[in-house]
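For reference, the structure is listed below as structure tokens.
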Amino acid sequence: MIFSSIPFLYYFLPCVLLVYYLMPKAGRNGVLLLFSLLFYTWGEPRYLFVMLAATVLGYGFGLAMERFPKAKKGLLAASILSSLSSLLCFKYADFFLENLGALTGRPIALLKLSLPVGISFYTFQILSYTIDVYRGQAAAQKNLIDLACYVTFFPQLIAGPIVRYTDIARQLRCRAHNLTGIREGTRRFLMGLGKKVLLANLLGEICAAWHQTTDASVLFAWLYAVSFTLHIYFDFSGYSDMAIGLGRLFGFRFPENFQYPYISRSITEFWRRWHISLGTWFRDYVYIPLGGNRKGKPRQFLNIFIVWMLTGFWHGAAWNFLFWGLWFAVLLIIEKTFLLRHLEKSRILGRVYVLLAVIFSFVLFDASSLSEALVCIRQLLGLGGLPLSSPQAAYLLGSNALLLTAAMVGATPAPKIAAQVIARRWPRAASLLESVMLVLLLLLCTAFLVDGSYNPFLYFRF
Amino acid sequence: MEQTKNKLFLLVPLCFAALTLGCWLHSPKGESLAERRKLAQMPAFSVKALESGRFSSDFERYSQDQFPLRETFRTAKALFSTRVLGRKDNNSIYCSNGYYAQLEYPENPASADYAAEKFTQVYNRYLTEGNRVYLSVIPDKGYYLEGNPKMDYDAFVTRLRQGTPFAAYIDLFPTLTLDCYYRTDTHWRQEMLKPAAEALSHGMGKTLRETYSVQPATRDFLGVYAGQAALPMEKETLSYVTSPAIQGAQVVNRENGKGIGVYDFEALAGRDPYEFYLSGSLSLITMTNPNAETEDRLILFRDSFGSSIAPYFLECYKEVTLVDIRYLPVSRLGKVLDFENADVLFLYSTLVLNNSETIK
């Protein structure tokens, strides 16, 4: 089930809200756990046991580390091994088998297991929990329901943000519920829904048209690349907004996951604004333990390579994801070596550089193979004798000019600043306007969902 | 201030609650007349269906199809897409010069090849030197509309003709204009088809001599694009032509051997009013003109466009048989048709030819 669907909006969500708020406080985590399991079962009942087993193991290792402090290093290693082996088996086994077969010239039978929904997210959450318990940054959770509620909590289960246990440990025990929280949560959820349904899905249609076309041109390649760059941002940040909003409806405060990444002036800054919860996870649990920047430049660069290779690989078991991660590693190293100080001198240069680097990176990200990515990059560079424009590209550009403009503006803080200015000058009118706009947004998103429009979700399988 | 905000905010949960209650209490409908299709019903629950994911996907379709005020929401979406976002099409239906049409772009050479292969199968299996074989292509109305990407009609027709060298090609493109088509439907207007029917007859060595009078069948016709695009559209008049040959014709639906009319007035109130012409998508129909001055027979391989033009041929053929090989496989034709000395015309629209996987 995805949030941007009628079953979620008008069947699942009303039920969970109703039961949650009717339940006395002591039973609310149980309600959330029950509905989270139902949410997961709806989409993928087969792999429910994988998630539950991972949760129980994490719970057991946490308790054991606290009870047997002398053995906690071994217990942590066992915990990491058990979490990663599940991820390795479901997500990466076929990639390694396939490449091993290609390397040895002997094809190996693949496992062909479908990927359990959200496995990358909940594995990282369990890892963060056991590592934090090991480090003494968090006390082991004694209540299995509370820990299971944290791991399986449906708002962030399938697409993050990757919520650290330390971020919400207190909230699991005690959290405030009030009308302001509900209002803010609803607003955040509807803004995310709007991003997903009214922007990301429509931009996705342009990308789908490019994938299917036989009418290639340089203009079409750029139209696709820019649309995909905007599409993935609104798709993913919209989903994060919905998750944060839903969390707020149940009294939780999740960390932010996006902060207008496309206004960055360097890739270093970009990754402080894009998928923040993943970036900080790798920083705190991989980069810093590897030595970070404390052991000299060569070691720092090696650490950057390792972290970004893993970041790429986290997104998918394919070479294009690996190269996508390494592309950023190279750029970050170049920036750290000399580029950053030059970029800081020019606002325009930095932004153009980031946008180009990111657009090319997402071409690699979206490609089904490296060769497909190269074809698209050649088209973007005008190589291969392609025409500059084509009828379909011109039509799509004309038809989507306003959408693209709205998306570009929407990817900057401009709308938020404008809303703040209005709220300062005309507070009452702004409140009324906000409520009316939210109702309209709900109705409009519903209209798009009822019409069965294009509605995939990119991060569903990560 | 915070209190005011919270009070005004109540509008949102109220709207949400109203829609939720609507979803839960709304009684399911059987079909959508606008979209001309059955609506999904509540799927039966079983553990197996849940495990396979079928229950959740069927439930999603059900929840979309049975959403309260569904048509109003679809129209709201269409208006927002086209009027606010300025998109040129909604659900691939665009409007140009007041005519609604589906984007049919680009041409699919493989589809032309597949259609040609199917026509060649008919020729090789059933036809001889004694048959005169013709091919004609009906352009979709996009050909006459400007400002939208169009398939390369010349290249497409050339490819089809190259694949069917046994058939004499009759060009219909110059005989049609934009006003030969309905504004809200894919199809052409029967009352505007005299020049096209004359061109086809002439190409087949015949001449149309009768005078045709035009009668309105309904003034409330909304074509297939009205439902698909969900945009507000004006109703049109659907008309039909009559002549002595048409009035005297005997028509048999050979799927069941029952007699039917050239025009089916009951169909005007049905899901697709264009089925008014020869009852729509029947796989095998024979029209006989008992007063014909000739014994010649025509076998017309056709799609839904053929239903409305076929009555014109009654005056120059004793018997006109309409075959739709989207529903009747080529392999079965020998059992139901007598091809001996018949004229054979393959008459298909570009909409079918460019998506010819439906031909069996």
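As shown in the structure tokens, the chain order sets the letters A, B, ...; within each chain, residues go from 1, and ligands are also counted from 1 in the order they appear.
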
- Message: Select, as an NGL selection string, those residues of chain B with any atom no more than 8 Å from chain A (distances computed using only C-alpha atoms).
- Response: :B and (1-2 or 4-6 or 8-9 or 11-12 or 15-16 or 19-20 or 23-24 or 50-51 or 53 or 56 or 59-60 or 63-65 or 67 or 70 or 73-74 or 76-77 or 85-89 or 105-106 or 148-150)

- Message: Need the shell around Tyr165 (chain A): protein/DNA/RNA residues with any atom at most 9 Å away, counting only C-alpha atoms. Skip same-chain ones fewer than 4 positions apart. Format as an MDAnalysis selection string?
- Response: chainID A and resid 125:126 128:129 132 138 147 150:151 169

- Query: Distance CA of Arg299 (chain A)-CA of Tyr287 (chain A), one decimal place?
  - Reply: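 A separation of 10.8 Å between them.
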
- Query: Could you pull the residues within 8 Å of Leu110 (chain A), counting only C-alpha atoms, minus those fewer than 2 positions along the same chain, as a PyMOL selection string?
  - Reply: chain A and resi 93-94+97-98+108+112

Generate the output file for the selected residues, C-alpha atoms, as a PDB file, in the first residue's frame.
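File produced: selection-v6.pdb:
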```pdb
ATOM      1  CA  ALA A  93      22.733 -12.318  -3.701  1.00  0.00           C
ATOM      2  CA  ASP A  94      21.651 -12.416  -7.331  1.00  0.00           C
ATOM      3  CA  LEU A  97      25.987 -14.648  -8.276  1.00  0.00           C
ATOM      4  CA  GLU A  98      25.393 -13.147 -11.691  1.00  0.00           C
ATOM      5  CA  ILE A 108      25.223 -19.724 -11.643  1.00  0.00           C
ATOM      6  CA  LYS A 112      15.344 -14.784  -7.920  1.00  0.00           C
TER       7      LYS A 112
END
```

- Nearest-residue call for Cys89 (chain A), choices A:Gly325, A:Ala317, A:Tyr233, A:Ala53, using only C-alpha atoms: A:Ala317

- Message: Run DSSP on the backbone and tell me which residues of region 149-231 of chain B come out as alpha helix (DSSP H); list them as a VMD selection string.
- Response: chain B and resid 153 to 163 194 to 203 224 to 229

With C-alpha atoms retained, export the selected residues as a PDB file, in the first residue's frame.
```pdb
ATOM      1  CA  TYR B 153       0.903   8.656 -42.588  1.00  0.00           C
ATOM      2  CA  ASP B 154       2.664   8.458 -45.973  1.00  0.00           C
ATOM      3  CA  ALA B 155       5.391   6.196 -44.636  1.00  0.00           C
ATOM      4  CA  PHE B 156       2.866   4.074 -42.792  1.00  0.00           C
ATOM      5  CA  VAL B 157       0.585   3.564 -45.788  1.00  0.00           C
ATOM      6  CA  THR B 158       3.559   2.907 -48.065  1.00  0.00           C
ATOM      7  CA  ARG B 159       4.785   0.213 -45.711  1.00  0.00           C
ATOM      8  CA  LEU B 160       1.347  -1.388 -45.560  1.00  0.00           C
ATOM      9  CA  ARG B 161       1.027  -1.305 -49.344  1.00  0.00           C
ATOM     10  CA  GLN B 162       4.461  -2.873 -49.747  1.00  0.00           C
ATOM     11  CA  GLY B 163       3.324  -5.707 -47.513  1.00  0.00           C
ATOM     12  CA  LYS B 194     -20.488  10.015 -49.872  1.00  0.00           C
ATOM     13  CA  PRO B 195     -17.205  11.188 -51.470  1.00  0.00           C
ATOM     14  CA  ALA B 196     -15.287   8.449 -49.661  1.00  0.00           C
ATOM     15  CA  ALA B 197     -17.874   5.824 -50.632  1.00  0.00           C
ATOM     16  CA  GLU B 198     -17.729   7.051 -54.214  1.00  0.00           C
ATOM     17  CA  ALA B 199     -13.958   6.822 -54.267  1.00  0.00           C
ATOM     18  CA  LEU B 200     -14.065   3.279 -52.949  1.00  0.00           C
ATOM     19  CA  SER B 201     -16.836   2.251 -55.344  1.00  0.00           C
ATOM     20  CA  HIS B 202     -15.018   3.849 -58.222  1.00  0.00           C
ATOM     21  CA  GLY B 203     -11.823   2.093 -57.249  1.00  0.00           C
ATOM     22  CA  VAL B 224     -15.970   7.893 -26.641  1.00  0.00           C
ATOM     23  CA  TYR B 225     -13.607  10.803 -26.006  1.00  0.00           C
ATOM     24  CA  ALA B 226     -16.140  12.539 -23.760  1.00  0.00           C
ATOM     25  CA  GLY B 227     -15.858   9.736 -21.237  1.00  0.00           C
ATOM     26  CA  GLN B 228     -12.140   9.156 -21.658  1.00  0.00           C
ATOM     27  CA  ALA B 229     -11.115  12.786 -21.390  1.00  0.00           C
TER      28      ALA B 229
END
```

- Of the candidates B:Asp58, B:Val323, B:Ala249, B:Asp220, which shows the shortest atom-to-atom distance to Leu337 (chain B), using only C-alpha atoms?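 Ranking B:Asp58, B:Val323, B:Ala249, B:Asp220 by distance to Leu337 (chain B), first place goes to B:Val323.
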
- Selected residue of minimal separation from Leu268 (chain B) among B:Ala217, B:Gly334, B:Leu284, B:Tyr312, counting only C-alpha atoms: B:Ala217

- Among the residues of region 158-233 of chain B, find those DSSP assigns to strand (DSSP E or B) from the backbone and print them as number ranges by chain. B: 168-170, 181, 188, 213-221

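The nearest approach to Asp113 (chain B) among the residues B:Glu31, B:Pro311, B:Phe276, B:Thr164, with only C-alpha atoms taken into account, belongs to B:Thr164.
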
- Residues within 10 Å of Ala269 (chain B), only C-alpha atoms, excluding chain neighbours under 3 positions, as a VMD selection string: chain B and resid 218 220 to 221 265 to 266 272 to 273 275 to 276

Quick one: write out the picked residues with C-alpha atoms as a PDB file, in the first residue's frame?
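Wrote selection37.pdb, looks like this:
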```pdb
ATOM      1  CA  THR B 218     -30.134  11.381 -31.897  1.00  0.00           C
ATOM      2  CA  ASP B 220     -27.579  13.693 -27.660  1.00  0.00           C
ATOM      3  CA  PHE B 221     -24.555  11.877 -28.977  1.00  0.00           C
ATOM      4  CA  PHE B 265     -32.122   2.319 -32.788  1.00  0.00           C
ATOM      5  CA  GLU B 266     -31.869   0.500 -29.478  1.00  0.00           C
ATOM      6  CA  ASP B 272     -21.748   3.011 -27.428  1.00  0.00           C
ATOM      7  CA  PRO B 273     -24.307   4.843 -29.569  1.00  0.00           C
ATOM      8  CA  GLU B 275     -23.191   0.766 -32.530  1.00  0.00           C
ATOM      9  CA  PHE B 276     -26.304   2.210 -34.161  1.00  0.00           C
TER      10      PHE B 276
END
```

- Message: Need to verify the contact set: Leu87 (chain A), 10 Å, only C-alpha atoms, exclusion of same-chain residues closer than 3 positions in sequence. Can you return it as a PyMOL selection string?
- Response: chain A and resi 81-84+90-93+115-116+119-120+123-124+314

- 10 Å contact set for Asn131 (chain B), only C-alpha atoms, chain neighbours under 6 positions out, as a PyMOL selection string: chain B and resi 123+298+339-344

- Item | Separation of CA of Pro387 (chain A) from CA of Ser217 (chain A), in Å and rounded to one decimal |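 Interatomic distance, CA of Pro387 (chain A) to CA of Ser217 (chain A): 5.2 Å.
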
- Coordinates-based distance that separates CA of Ala310 (chain B) from CA of Gln190 (chain B) (Å, one decimal): 9.6 Å

- Name the closest residue to Arg248 (chain A) among the candidates A:Thr280, A:Asn178, A:Thr229, A:Thr311; distances are taken between atoms, counting only C-alpha atoms. A:Asn178

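Shortest atom-to-atom contact with Val375 (chain A) among A:His211, A:Arg106, A:Lys72, A:Arg175: A:His211, counting only C-alpha atoms.
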
- Give me the residues within 9 Å of Gly142 (chain B) as a list in words, counting only C-alpha atoms and dropping any in the same chain fewer than 4 places off. Ala101, Gln102, Leu103, Glu104, Glu146, Asn148, Pro149, Lys150, Met151 and Leu178 of chain B

Selection above as a file: C-alpha atoms, as a short mmCIF file (atom, residue, chain, number, x, y, z; two decimals), in the first residue's frame:
```
data_model
loop_
_atom_site.label_atom_id
_atom_site.label_comp_id
_atom_site.auth_asym_id
_atom_site.auth_seq_id
_atom_site.Cartn_x
_atom_site.Cartn_y
_atom_site.Cartn_z
CA ALA B 101 -8.67 13.26 -30.67
CA GLN B 102 -6.31 10.70 -29.23
CA LEU B 103 -2.58 11.13 -29.62
CA GLU B 104 -1.62 8.52 -32.18
CA GLU B 146 -2.73 20.86 -36.63
CA ASN B 148 0.10 18.01 -32.42
CA PRO B 149 2.61 15.30 -33.18
CA LYS B 150 1.34 13.14 -36.01
CA MET B 151 2.36 9.79 -37.29
CA LEU B 178 -12.01 17.33 -40.57
#
```
